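Just entry-v4.cif here, mmCIF, C-alpha atoms:
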```cif
data_protein
loop_
_atom_site.label_atom_id
_atom_site.label_comp_id
_atom_site.auth_asym_id
_atom_site.auth_seq_id
_atom_site.Cartn_x
_atom_site.Cartn_y
_atom_site.Cartn_z
CA MET B 115 0.00 0.00 0.00
CA ILE B 116 1.08 3.54 -0.69
CA PRO B 117 1.62 5.73 2.41
CA VAL B 118 -0.89 8.57 2.93
CA LEU B 119 0.75 11.48 4.74
CA ARG B 120 -0.47 14.82 6.13
CA TYR B 121 1.90 17.62 5.23
CA GLY B 122 3.22 19.37 8.30
CA LYS B 123 2.10 16.54 10.59
CA ASP B 124 3.65 13.36 9.21
CA ASP B 125 7.24 12.74 8.17
CA THR B 126 7.49 13.62 4.48
CA ASP B 127 11.27 13.98 4.33
CA LYS B 128 11.74 10.98 2.05
CA VAL B 129 9.82 12.82 -0.66
CA PHE B 130 12.47 15.53 -0.72
CA ARG B 131 15.51 13.29 -0.27
CA ARG B 132 16.02 11.15 -3.35
CA THR B 133 19.45 10.11 -4.61
CA GLN B 134 21.49 6.99 -5.20
CA LEU B 135 24.69 8.80 -6.01
CA GLY B 136 26.03 8.78 -2.46
CA ASP B 137 26.54 4.99 -2.46
CA LYS B 138 30.31 4.79 -1.90
CA GLU B 139 30.50 1.05 -2.48
CA ARG B 140 28.85 1.28 -5.90
CA ALA B 141 30.87 4.36 -6.78
CA ALA B 142 34.10 2.49 -5.99
CA ALA B 143 33.01 -0.48 -8.10
CA VAL B 144 32.20 1.82 -11.01
CA ALA B 145 35.53 3.65 -10.64
CA GLN B 146 37.35 0.33 -10.98
CA ILE B 147 35.40 -0.59 -14.12
CA VAL B 148 35.97 2.81 -15.70
CA ALA B 149 39.70 2.76 -14.96
CA ASP B 150 40.02 -0.80 -16.23
CA VAL B 151 38.29 -0.09 -19.55
CA ARG B 152 40.33 3.08 -19.95
CA ALA B 153 43.56 1.15 -19.39
CA ARG B 154 42.86 -2.15 -21.16
CA GLY B 155 40.28 -1.21 -23.79
CA ASP B 156 38.50 -4.08 -25.52
CA GLU B 157 39.99 -6.74 -23.25
CA ALA B 158 38.31 -5.19 -20.21
CA LEU B 159 35.13 -4.29 -22.09
CA PHE B 160 34.61 -7.85 -23.31
CA GLY B 161 35.44 -9.26 -19.88
CA TYR B 162 32.75 -7.18 -18.21
CA ALA B 163 30.23 -8.13 -20.91
CA GLU B 164 30.87 -11.77 -20.04
CA LYS B 165 30.73 -11.10 -16.30
CA PHE B 166 27.64 -8.90 -16.10
CA ASP B 167 25.62 -9.62 -19.24
CA LYS B 168 26.67 -13.24 -19.87
CA THR B 169 27.56 -12.20 -23.42
CA THR B 170 30.65 -13.44 -25.23
CA LEU B 171 32.05 -10.60 -27.31
CA ASP B 172 35.08 -10.04 -29.51
CA LYS B 173 36.08 -7.63 -32.24
CA THR B 174 33.96 -9.51 -34.78
CA ASN B 175 30.62 -9.29 -33.01
CA VAL B 176 30.71 -6.33 -30.60
CA ARG B 177 29.29 -4.11 -33.31
CA ILE B 178 25.84 -5.14 -34.49
CA SER B 179 25.95 -5.71 -38.23
CA GLU B 180 23.63 -4.04 -40.72
CA ARG B 181 22.30 -7.49 -41.57
CA GLU B 182 21.35 -8.04 -37.91
CA ILE B 183 19.69 -4.63 -37.81
CA ALA B 184 17.70 -5.40 -40.94
CA ALA B 185 16.68 -8.80 -39.58
CA ALA B 186 15.48 -7.25 -36.31
CA CYS B 187 13.54 -4.56 -38.18
CA SER B 188 11.78 -7.25 -40.21
CA GLU B 189 10.35 -8.70 -37.01
CA VAL B 190 8.50 -5.49 -36.12
CA PRO B 191 4.78 -5.61 -37.01
CA ALA B 192 3.80 -3.08 -39.66
CA GLY B 193 1.35 -1.26 -37.39
CA LEU B 194 3.94 -0.84 -34.65
CA ALA B 195 6.52 0.37 -37.17
CA ALA B 196 4.00 2.95 -38.39
CA SER B 197 3.40 4.15 -34.82
CA LEU B 198 7.15 4.51 -34.35
CA LYS B 199 7.40 6.57 -37.54
CA ARG B 200 4.60 8.91 -36.45
CA ALA B 201 6.23 9.39 -33.04
CA ALA B 202 9.56 10.11 -34.72
CA LYS B 203 7.96 12.77 -36.91
CA ASN B 204 6.42 14.51 -33.88
CA ILE B 205 9.76 14.48 -32.06
CA TYR B 206 11.67 15.79 -35.07
CA ASP B 207 9.16 18.54 -35.87
CA TYR B 208 9.29 19.73 -32.26
CA HIS B 209 13.08 19.84 -32.08
CA ALA B 210 13.58 21.26 -35.56
CA ARG B 211 11.81 24.40 -34.34
CA GLN B 212 14.35 24.66 -31.51
CA LYS B 213 17.21 24.72 -34.01
CA GLU B 214 15.89 27.96 -35.47
CA LYS B 215 17.14 29.95 -32.48
CA PHE B 216 20.76 28.84 -32.98
CA ALA B 217 21.72 31.55 -35.45
CA ASP B 218 25.18 33.08 -35.48
CA GLU B 219 25.03 36.72 -34.41
CA TYR B 220 27.48 39.60 -34.68
CA HIS B 221 27.27 43.05 -33.11
CA ALA B 222 29.30 46.21 -33.32
CA ALA B 223 31.79 46.55 -30.48
CA GLY B 224 33.35 49.87 -31.43
CA LYS B 225 33.88 52.05 -34.45
CA SER B 226 34.92 49.14 -36.65
CA SER B 227 35.02 46.09 -34.35
CA VAL B 228 32.71 43.13 -34.04
CA LEU B 229 31.75 40.76 -31.21
CA GLY B 230 29.55 37.78 -31.70
CA TRP B 231 28.87 34.12 -31.21
CA ARG B 232 28.74 31.10 -33.44
CA TYR B 233 26.78 27.92 -32.75
CA ARG B 234 28.17 24.58 -33.79
CA PRO B 235 26.80 21.06 -33.25
CA LEU B 236 28.94 18.43 -31.58
CA ARG B 237 30.58 16.08 -34.06
CA ARG B 238 30.15 12.63 -32.48
CA VAL B 239 27.61 11.66 -29.82
CA GLY B 240 27.13 8.39 -27.94
CA LEU B 241 23.64 7.32 -26.92
CA TYR B 242 23.08 4.86 -24.11
CA VAL B 243 19.93 2.75 -24.42
CA PRO B 244 19.12 0.65 -21.34
CA GLY B 245 18.39 -3.03 -21.69
CA GLY B 246 18.01 -4.47 -18.21
CA LYS B 247 14.56 -5.00 -16.66
CA ALA B 248 13.02 -3.36 -19.72
CA SER B 249 14.17 -2.12 -23.11
CA TYR B 250 13.49 1.35 -24.39
CA PRO B 251 13.25 1.94 -28.15
CA SER B 252 11.60 5.25 -27.26
CA THR B 253 14.91 6.34 -25.71
CA VAL B 254 16.57 5.96 -29.11
CA LEU B 255 14.10 8.42 -30.61
CA MET B 256 14.16 10.80 -27.65
CA THR B 257 17.96 11.12 -27.69
CA ALA B 258 18.87 10.63 -31.35
CA ILE B 259 16.31 12.92 -32.94
CA PRO B 260 17.22 16.06 -30.95
CA ALA B 261 20.87 15.36 -31.86
CA LEU B 262 19.96 14.97 -35.53
CA ALA B 263 17.97 18.21 -35.42
CA ALA B 264 21.04 19.91 -33.94
CA GLY B 265 23.15 18.69 -36.86
CA VAL B 266 25.30 16.09 -35.11
CA GLU B 267 27.24 14.19 -37.79
CA GLU B 268 27.87 10.84 -36.09
CA LEU B 269 25.63 8.93 -33.67
CA VAL B 270 26.60 5.72 -31.94
CA VAL B 271 24.36 3.57 -29.73
CA CYS B 272 25.44 1.28 -26.92
CA THR B 273 22.84 -1.15 -25.62
CA PRO B 274 23.27 -4.45 -23.74
CA ASN B 275 21.11 -6.40 -26.18
CA LEU B 276 18.64 -6.30 -29.03
CA ASN B 277 16.01 -8.45 -27.35
CA ASN B 278 13.41 -5.93 -28.45
CA PRO B 279 13.62 -5.64 -32.26
CA LEU B 280 11.97 -2.22 -32.00
CA ILE B 281 15.30 -0.84 -30.74
CA ALA B 282 16.85 -1.74 -34.09
CA ALA B 283 13.84 -0.26 -35.86
CA ALA B 284 14.20 2.97 -33.90
CA CYS B 285 17.89 3.14 -34.80
CA ALA B 286 17.07 2.52 -38.45
CA GLU B 287 14.42 5.26 -38.34
CA CYS B 288 17.14 7.65 -37.15
CA GLY B 289 19.70 6.44 -39.67
CA ILE B 290 21.95 4.97 -36.98
CA LYS B 291 24.13 2.11 -38.20
CA GLU B 292 26.79 2.11 -35.50
CA ILE B 293 25.36 0.03 -32.64
CA TYR B 294 27.43 -1.82 -30.05
CA ARG B 295 26.07 -4.63 -27.87
CA VAL B 296 27.64 -3.37 -24.65
CA GLY B 297 25.98 -1.93 -21.57
CA GLY B 298 26.59 -0.80 -18.03
CA ALA B 299 29.40 1.33 -16.67
CA GLN B 300 31.79 -0.37 -19.08
CA ALA B 301 29.84 1.00 -22.08
CA ILE B 302 30.05 4.52 -20.67
CA ALA B 303 33.81 4.16 -20.18
CA ALA B 304 34.23 2.81 -23.71
CA MET B 305 32.39 5.77 -25.23
CA ALA B 306 34.24 8.24 -23.01
CA TYR B 307 37.78 7.02 -23.67
CA GLY B 308 37.51 4.77 -26.71
CA THR B 309 38.67 1.19 -27.14
CA GLU B 310 40.02 -0.71 -30.12
CA SER B 311 36.42 -1.40 -31.20
CA VAL B 312 34.44 1.57 -29.84
CA PRO B 313 35.75 5.00 -30.88
CA ARG B 314 35.38 7.77 -28.30
CA VAL B 315 32.60 10.34 -28.48
CA ASP B 316 32.22 14.01 -27.55
CA LEU B 317 29.06 13.63 -25.45
CA ILE B 318 27.16 10.75 -23.86
CA ALA B 319 23.39 11.01 -23.58
CA GLY B 320 20.66 8.71 -22.35
CA PRO B 321 19.38 7.24 -19.09
CA GLY B 322 20.54 4.13 -17.27
CA ASN B 323 20.69 2.40 -13.92
CA VAL B 324 22.70 3.65 -10.97
CA TYR B 325 25.94 2.13 -12.29
CA VAL B 326 25.51 3.86 -15.64
CA THR B 327 24.70 7.14 -13.91
CA LEU B 328 27.71 6.91 -11.60
CA ALA B 329 29.91 6.16 -14.60
CA LYS B 330 28.60 9.22 -16.43
CA LYS B 331 29.36 11.28 -13.35
CA GLN B 332 32.91 9.92 -13.15
CA VAL B 333 33.81 10.44 -16.82
CA PHE B 334 32.33 13.94 -16.99
CA GLY B 335 35.10 16.37 -17.83
CA ASP B 336 36.83 13.93 -20.14
CA VAL B 337 33.61 13.85 -22.13
CA ALA B 338 30.37 15.83 -21.92
CA VAL B 339 27.20 14.21 -20.57
CA ASP B 340 23.59 15.22 -20.97
CA MET B 341 22.76 15.02 -17.25
CA ILE B 342 23.30 12.96 -14.10
CA ALA B 343 19.89 11.38 -13.70
CA GLY B 344 18.44 9.00 -11.13
CA PRO B 345 15.37 6.76 -10.93
CA SER B 346 12.20 7.85 -12.70
CA GLU B 347 9.63 9.89 -10.79
CA ILE B 348 6.25 11.55 -11.10
CA LEU B 349 4.41 14.05 -8.94
CA VAL B 350 0.73 14.74 -9.54
CA ILE B 351 -1.06 17.81 -8.20
CA ALA B 352 -4.78 17.10 -8.13
CA ASP B 353 -7.94 18.40 -6.50
CA ASP B 354 -11.22 16.58 -5.90
CA GLY B 355 -12.37 17.44 -9.41
CA ALA B 356 -9.85 15.05 -10.93
CA ASN B 357 -10.52 11.44 -11.91
CA ALA B 358 -9.09 9.25 -9.14
CA ALA B 359 -8.74 6.22 -11.43
CA TRP B 360 -6.78 8.24 -13.98
CA VAL B 361 -4.48 9.77 -11.39
CA ALA B 362 -3.81 6.34 -9.90
CA ALA B 363 -3.05 4.95 -13.35
CA ASP B 364 -0.61 7.79 -14.03
CA MET B 365 1.22 7.15 -10.78
CA LEU B 366 1.45 3.45 -11.53
CA SER B 367 2.91 4.18 -14.97
CA GLN B 368 6.05 5.45 -13.24
CA ALA B 369 6.10 2.94 -10.38
CA GLU B 370 6.47 0.07 -12.85
CA HIS B 371 9.88 1.32 -14.06
CA ASP B 372 11.74 -0.19 -11.10
CA GLU B 373 11.74 -0.48 -7.33
CA SER B 374 13.55 2.86 -6.99
CA ALA B 375 11.00 4.88 -8.97
CA ALA B 376 8.94 7.46 -7.09
CA SER B 377 5.22 8.21 -7.53
CA ILE B 378 3.77 11.07 -5.49
CA LEU B 379 0.33 12.65 -5.30
CA VAL B 380 -0.21 16.03 -3.66
CA THR B 381 -3.84 16.95 -3.04
CA ASP B 382 -5.88 19.24 -0.82
CA SER B 383 -8.67 16.67 -0.40
CA GLU B 384 -8.65 13.86 2.17
CA ALA B 385 -11.48 12.11 0.35
CA PHE B 386 -9.70 12.26 -3.00
CA ALA B 387 -6.51 10.93 -1.40
CA ALA B 388 -8.44 7.93 -0.07
CA SER B 389 -10.04 7.32 -3.48
CA VAL B 390 -6.69 7.35 -5.27
CA ALA B 391 -5.14 5.01 -2.68
CA ALA B 392 -7.99 2.56 -3.21
CA GLU B 393 -7.63 2.79 -6.99
CA ILE B 394 -3.88 2.18 -6.75
CA ASP B 395 -4.48 -1.04 -4.81
CA ALA B 396 -7.16 -2.24 -7.22
CA GLN B 397 -5.23 -1.43 -10.39
CA THR B 398 -1.91 -2.78 -9.13
CA ALA B 399 -3.42 -6.21 -8.65
CA ARG B 400 -4.19 -6.37 -12.38
CA LEU B 401 -0.85 -5.17 -13.72
CA PRO B 402 1.93 -7.49 -14.97
CA ARG B 403 4.75 -5.73 -13.07
CA LYS B 404 2.85 -5.60 -9.78
CA GLU B 405 5.77 -6.84 -7.66
CA ILE B 406 8.01 -4.01 -8.84
CA ILE B 407 5.13 -1.55 -8.44
CA GLY B 408 4.45 -2.69 -4.90
CA LYS B 409 8.04 -2.19 -3.80
CA SER B 410 8.27 1.16 -5.57
CA LEU B 411 5.13 2.52 -3.92
CA GLN B 412 6.03 1.26 -0.47
CA ASN B 413 9.61 2.53 -0.56
CA ASN B 414 9.30 5.73 -2.55
CA GLY B 415 5.64 6.50 -3.12
CA ALA B 416 3.43 8.85 -1.15
CA ILE B 417 0.08 10.58 -1.15
CA ILE B 418 0.46 13.92 0.59
CA VAL B 419 -2.59 15.80 1.84
CA CYS B 420 -1.93 19.52 2.11
CA ALA B 421 -3.92 22.61 3.04
CA ASP B 422 -4.55 24.13 -0.39
CA MET B 423 -3.24 24.44 -3.94
CA LYS B 424 -0.77 27.16 -2.97
CA GLU B 425 0.86 24.71 -0.57
CA ALA B 426 0.68 21.96 -3.20
CA VAL B 427 2.63 24.13 -5.64
CA ALA B 428 5.22 24.93 -2.96
CA ILE B 429 5.69 21.19 -2.29
CA ALA B 430 6.01 20.44 -6.00
CA ASN B 431 8.62 23.16 -6.51
CA ARG B 432 10.57 21.87 -3.54
CA VAL B 433 10.51 18.31 -4.90
CA ALA B 434 11.40 19.56 -8.43
CA PRO B 435 10.16 16.30 -9.99
CA GLU B 436 11.10 14.76 -13.30
CA HIS B 437 7.46 14.58 -14.41
CA LEU B 438 4.77 16.86 -12.97
CA GLU B 439 1.10 16.45 -13.80
CA VAL B 440 -1.46 19.12 -12.95
CA CYS B 441 -4.99 17.68 -12.74
CA THR B 442 -6.99 20.52 -11.19
CA ARG B 443 -9.94 22.66 -12.17
CA ASP B 444 -7.63 25.61 -12.82
CA ALA B 445 -4.79 23.54 -14.29
CA ASP B 446 -3.29 26.33 -16.42
CA GLU B 447 -3.10 28.69 -13.45
CA VAL B 448 -1.51 26.07 -11.21
CA ALA B 449 0.95 25.04 -13.92
CA ALA B 450 2.01 28.65 -14.41
CA ALA B 451 3.17 28.74 -10.77
CA ILE B 452 5.53 25.78 -11.28
CA THR B 453 9.17 26.88 -11.42
CA ASP B 454 11.01 23.59 -10.88
CA ALA B 455 10.16 20.47 -12.90
CA GLY B 456 11.59 18.50 -15.79
CA ALA B 457 8.33 18.49 -17.74
CA VAL B 458 4.84 19.72 -16.87
CA PHE B 459 1.75 17.89 -18.14
CA VAL B 460 -1.30 20.13 -17.92
CA GLY B 461 -4.88 18.88 -17.68
CA ASN B 462 -6.60 15.54 -17.45
CA TYR B 463 -5.81 14.57 -21.04
CA SER B 464 -2.05 15.07 -20.84
CA PRO B 465 -0.84 11.93 -19.05
CA GLU B 466 2.88 11.35 -18.64
CA PRO B 467 3.10 8.44 -21.15
CA LEU B 468 2.02 10.92 -23.85
CA GLY B 469 5.37 12.61 -23.28
CA ASP B 470 7.23 9.33 -22.93
CA TYR B 471 6.37 8.18 -26.41
CA PHE B 472 4.66 10.58 -28.74
CA ALA B 473 4.06 14.28 -28.07
CA GLY B 474 7.45 15.61 -29.17
CA PRO B 475 9.59 16.91 -26.28
CA SER B 476 12.31 14.48 -25.19
CA HIS B 477 11.51 12.20 -22.28
CA VAL B 478 15.09 12.42 -21.00
CA LEU B 479 14.60 14.71 -18.01
CA PRO B 480 16.39 15.85 -14.85
CA THR B 481 15.55 13.79 -11.76
CA SER B 482 16.22 13.70 -8.01
CA GLY B 483 15.55 17.41 -7.59
CA SER B 484 18.06 18.44 -10.26
CA ALA B 485 15.28 20.20 -12.18
CA ARG B 486 16.10 23.09 -9.83
CA PHE B 487 19.12 23.80 -12.03
CA SER B 488 19.00 21.64 -15.16
CA SER B 489 16.77 21.10 -18.16
CA VAL B 490 15.20 18.56 -20.47
CA LEU B 491 17.43 17.03 -23.13
CA SER B 492 16.97 19.08 -26.28
CA VAL B 493 18.78 20.53 -29.28
CA ASP B 494 20.68 22.71 -26.77
CA THR B 495 22.28 19.59 -25.33
CA PHE B 496 24.10 18.91 -28.60
CA MET B 497 25.16 22.46 -29.45
CA LYS B 498 28.14 24.49 -28.34
CA LYS B 499 28.66 28.24 -28.55
CA ILE B 500 31.93 29.77 -29.76
CA SER B 501 32.61 33.43 -29.06
CA TYR B 502 33.85 35.62 -31.91
CA ILE B 503 36.07 38.69 -31.39
CA ARG B 504 37.37 40.91 -34.21
CA TYR B 505 38.82 44.24 -33.07
CA SER B 506 40.31 46.92 -35.25
CA GLY B 507 43.60 48.62 -34.38
CA GLU B 508 41.75 51.84 -33.61
CA ASP B 509 39.41 50.22 -31.10
CA LEU B 510 42.18 48.19 -29.46
CA LEU B 511 44.24 51.35 -28.90
CA ALA B 512 41.23 53.03 -27.32
CA ALA B 513 40.90 50.14 -24.84
CA ALA B 514 44.63 49.57 -24.28
CA ASP B 515 45.08 51.49 -21.03
CA ASP B 516 42.17 49.67 -19.37
CA ILE B 517 43.42 46.25 -20.45
CA VAL B 518 46.96 46.96 -19.27
CA ALA B 519 45.74 48.28 -15.92
CA ILE B 520 43.65 45.19 -15.21
CA ALA B 521 46.34 42.75 -16.39
CA GLU B 522 49.03 44.38 -14.25
CA SER B 523 46.70 44.44 -11.23
CA GLU B 524 46.57 40.65 -11.50
CA GLY B 525 50.35 40.39 -11.81
CA PHE B 526 50.33 39.26 -15.43
CA GLY B 527 52.97 41.41 -17.05
CA ALA B 528 53.13 39.31 -20.21
CA HIS B 529 49.42 39.87 -20.76
CA ALA B 530 49.96 43.61 -20.44
CA ASN B 531 53.00 43.42 -22.69
CA THR B 532 51.05 42.09 -25.68
CA ILE B 533 48.93 45.23 -25.56
CA LYS B 534 51.84 47.60 -24.93
CA ARG B 535 53.79 46.19 -27.88
CA ARG B 536 50.90 46.78 -30.25
CA VAL B 537 50.41 50.32 -28.96
CA GLN B 538 54.14 51.04 -29.26
CA ASP B 539 54.54 49.52 -32.72
CA ASP B 540 51.38 51.16 -34.00
CA ARG B 541 52.54 54.62 -32.89
CA GLN B 542 55.96 54.10 -34.50
CA SER B 543 54.50 53.03 -37.82
#
```
Could you render the structure from this file as structure tokens?
Amino acid sequence: MIPVLRYGKDDTDKVFRRTQLGDKERAAAVAQIVADVRARGDEALFGYAEKFDKTTLDKTNVRISEREIAAACSEVPAGLAASLKRAAKNIYDYHARQKEKFADEYHAAGKSSVLGWRYRPLRRVGLYVPGGKASYPSTVLMTAIPALAAGVEELVVCTPNLNNPLIAAACAECGIKEIYRVGGAQAIAAMAYGTESVPRVDLIAGPGNVYVTLAKKQVFGDVAVDMIAGPSEILVIADDGANAAWVAADMLSQAEHDESAASILVTDSEAFAASVAAEIDAQTARLPRKEIIGKSLQNNGAIIVCADMKEAVAIANRVAPEHLEVCTRDADEVAAAITDAGAVFVGNYSPEPLGDYFAGPSHVLPTSGSARFSSVLSVDTFMKKISYIRYSGEDLLAAADDIVAIAESEGFGAHANTIKRRVQDDRQS
């Protein structure tokens, strides 16, 4: 059963304290894997594939062949392939509009000088697609398509297996031919540092379990990463005008991810809280992943009864959840008050799975409260900005005294000297 708590009276701290990244034992294990792959390359990578995934790999089979991809794609029913194509179009159309804002700009900086910025996509990006308790072809679309819209030239996928042929179909839909059957922390290390079989990338994107996340955290700096994400989570703000069965179903859609997922309801109605709790029990009994759901709800789930919608919004902003649904009579007004969330789903007909699979925005979102300072994966993730400075001699001379003064105040005489030499030589010419 999911705990029902009264805000301000019961202990709700666990709702605001969600992270797996402080596990020193796991972090040490990941550090050893990362260092080993970095030092020994394929030999270590293949050894960990055998150890953790029971997969025998070598240079001839670590990369999934185009024939294997085609064979997997042929197993996908036509109707499902068509659904995948429609989802891909929505995702591309949404992100293509984001690319429009990345225009190079230049502005006058003096009488004849120019300052500006230039946007450039990353060249090579690695995408991690989980393959443990579930497989996620949707993750291929939600990571690859924003990168394609950004203009990334090379995409590589690492996934532990192709048990779900739809993963291959999703890769094919995105034009990805470079797929490696490796997973876990070892896959992150391989993409970060390169091995004999897996060339290194510039950025690693995509969700994974705690070992994958810890590996991304440890390699950051040697390679860029999209975000350091944790278990999936949803918070629903609802009043007694919402449909209790729908809200319960939405919460369960996140609880089935794994035992660490968090599903939270915040409501100002005791009666509605009781109705949702009853619906959760009834619906869980009929779902195929009910054991995982049960553990998730008991360990990380909660129904919080608060005083009013103003307090509900304050709780939601403090939690800063990955997914936030607003199912209230004045949903637009409540949603407008949200400042911290990965994605906001507004109204009774905007359930979280709509965003997971079809609407358009990426489903790769900040978790564990990191929505306070980070954003959804998007075209921005795969772009970099280069500053542009072109000064004329006249404008540099006008600024020379200020530059020299600041440089010398910091004790950098050579910095000052580069300016002084230009001033001196220019006056002598």
> When the PyMOL selection byres ((chain B and resi 501-511) around 9) is applied to the file above, which residues end up in the set, as a ChimeraX atom specification?
Replying inline: /B:220,223-233,499-500,512-515,533,536-537,540
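Take atom CA of B:Leu269 and atom CA of B:Pro467: the distance between them is 25.8 Å.
Comparing B:Ala319, B:Val243, B:Ala329, B:Leu135 by their smallest distance to B:Pro345, the closest is B:Leu135 (using only C-alpha atoms).
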Near B:Ala141, within 12 Å and counting only C-alpha atoms, which residues show up once chain neighbours fewer than 3 positions away are dropped, as a compact mmCIF listing (two decimals) with C-alpha atoms, keeping the file's coordinate frame?
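The result, stored in selection.txt:
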```txt
# COMPACT_ATOMS: atom_id res chain seq x y z
CA GLN B 134 21.49 6.99 -5.20
CA LEU B 135 24.69 8.80 -6.01
CA GLY B 136 26.03 8.78 -2.46
CA ASP B 137 26.54 4.99 -2.46
CA LYS B 138 30.31 4.79 -1.90
CA VAL B 144 32.20 1.82 -11.01
CA ALA B 145 35.53 3.65 -10.64
CA GLN B 146 37.35 0.33 -10.98
CA ILE B 147 35.40 -0.59 -14.12
CA VAL B 148 35.97 2.81 -15.70
CA ALA B 299 29.40 1.33 -16.67
CA VAL B 324 22.70 3.65 -10.97
CA TYR B 325 25.94 2.13 -12.29
CA VAL B 326 25.51 3.86 -15.64
CA THR B 327 24.70 7.14 -13.91
CA LEU B 328 27.71 6.91 -11.60
CA ALA B 329 29.91 6.16 -14.60
CA LYS B 330 28.60 9.22 -16.43
CA LYS B 331 29.36 11.28 -13.35
CA GLN B 332 32.91 9.92 -13.15
```
> Got a sec: who's within 10 Å of B:Ser179, counting all atoms listed in the file, leaving out chain neighbours fewer than 3 positions off, as a PyMOL selection string?
Replying inline: chain B and resi 174-176+182-185+291-294
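Evaluated against the shown file, the PyMOL selection byres ((chain B and resi 336) around 9) gives Ala306, Tyr307, Asp316, Gln332, Val333, Phe334, Gly335, Val337 and Ala338 of chain B.
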>> Please enumerate the residues selected by the PyMOL selection byres ((chain B and resi 450) around 12) when evaluated against the supplied file, formatted as number ranges by chain.
In response: B: 424, 427, 431, 440, 444-449, 451-455, 458-460
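Take atom CA of B:Glu310 and atom CA of B:Ala284: the distance between them is 26.4 Å.
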Which residues of stretch 224-312 of chain B come within 12 Å of stretch 468-492 of chain B, and for each one, what is the closest pair of atoms and their distance in Å to one decimal, counting only C-alpha atoms, sorted by chain and residue number, as a tab-separated table?
```
residue	atom	partner	partner_atom	distance
B:Leu241	CA	B:Val478	CA	11.6
B:Tyr242	CA	B:Val478	CA	11.4
B:Val243	CA	B:Val478	CA	11.3
B:Tyr250	CA	B:Tyr471	CA	10.1
B:Pro251	CA	B:Tyr471	CA	9.4
B:Ser252	CA	B:Tyr471	CA	6.1
B:Thr253	CA	B:His477	CA	7.6
B:Val254	CA	B:Ser476	CA	10.3
B:Leu255	CA	B:Ser476	CA	8.3
B:Met256	CA	B:Ser476	CA	4.8
B:Thr257	CA	B:Ser476	CA	7.0
B:Ala258	CA	B:Ser476	CA	9.8
B:Ile259	CA	B:Ser476	CA	8.9
B:Pro260	CA	B:Ser492	CA	5.6
B:Ala261	CA	B:Ser492	CA	7.8
B:Leu262	CA	B:Ser492	CA	10.6
B:Ala263	CA	B:Ser492	CA	9.2
B:Ala264	CA	B:Ser492	CA	8.7
```
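Remark: for B:Arg211, the closest of the candidate residues B:Gly193, B:Val493, B:Ile116, B:Asp156 is B:Val493 (distances computed over all atoms listed in the file).
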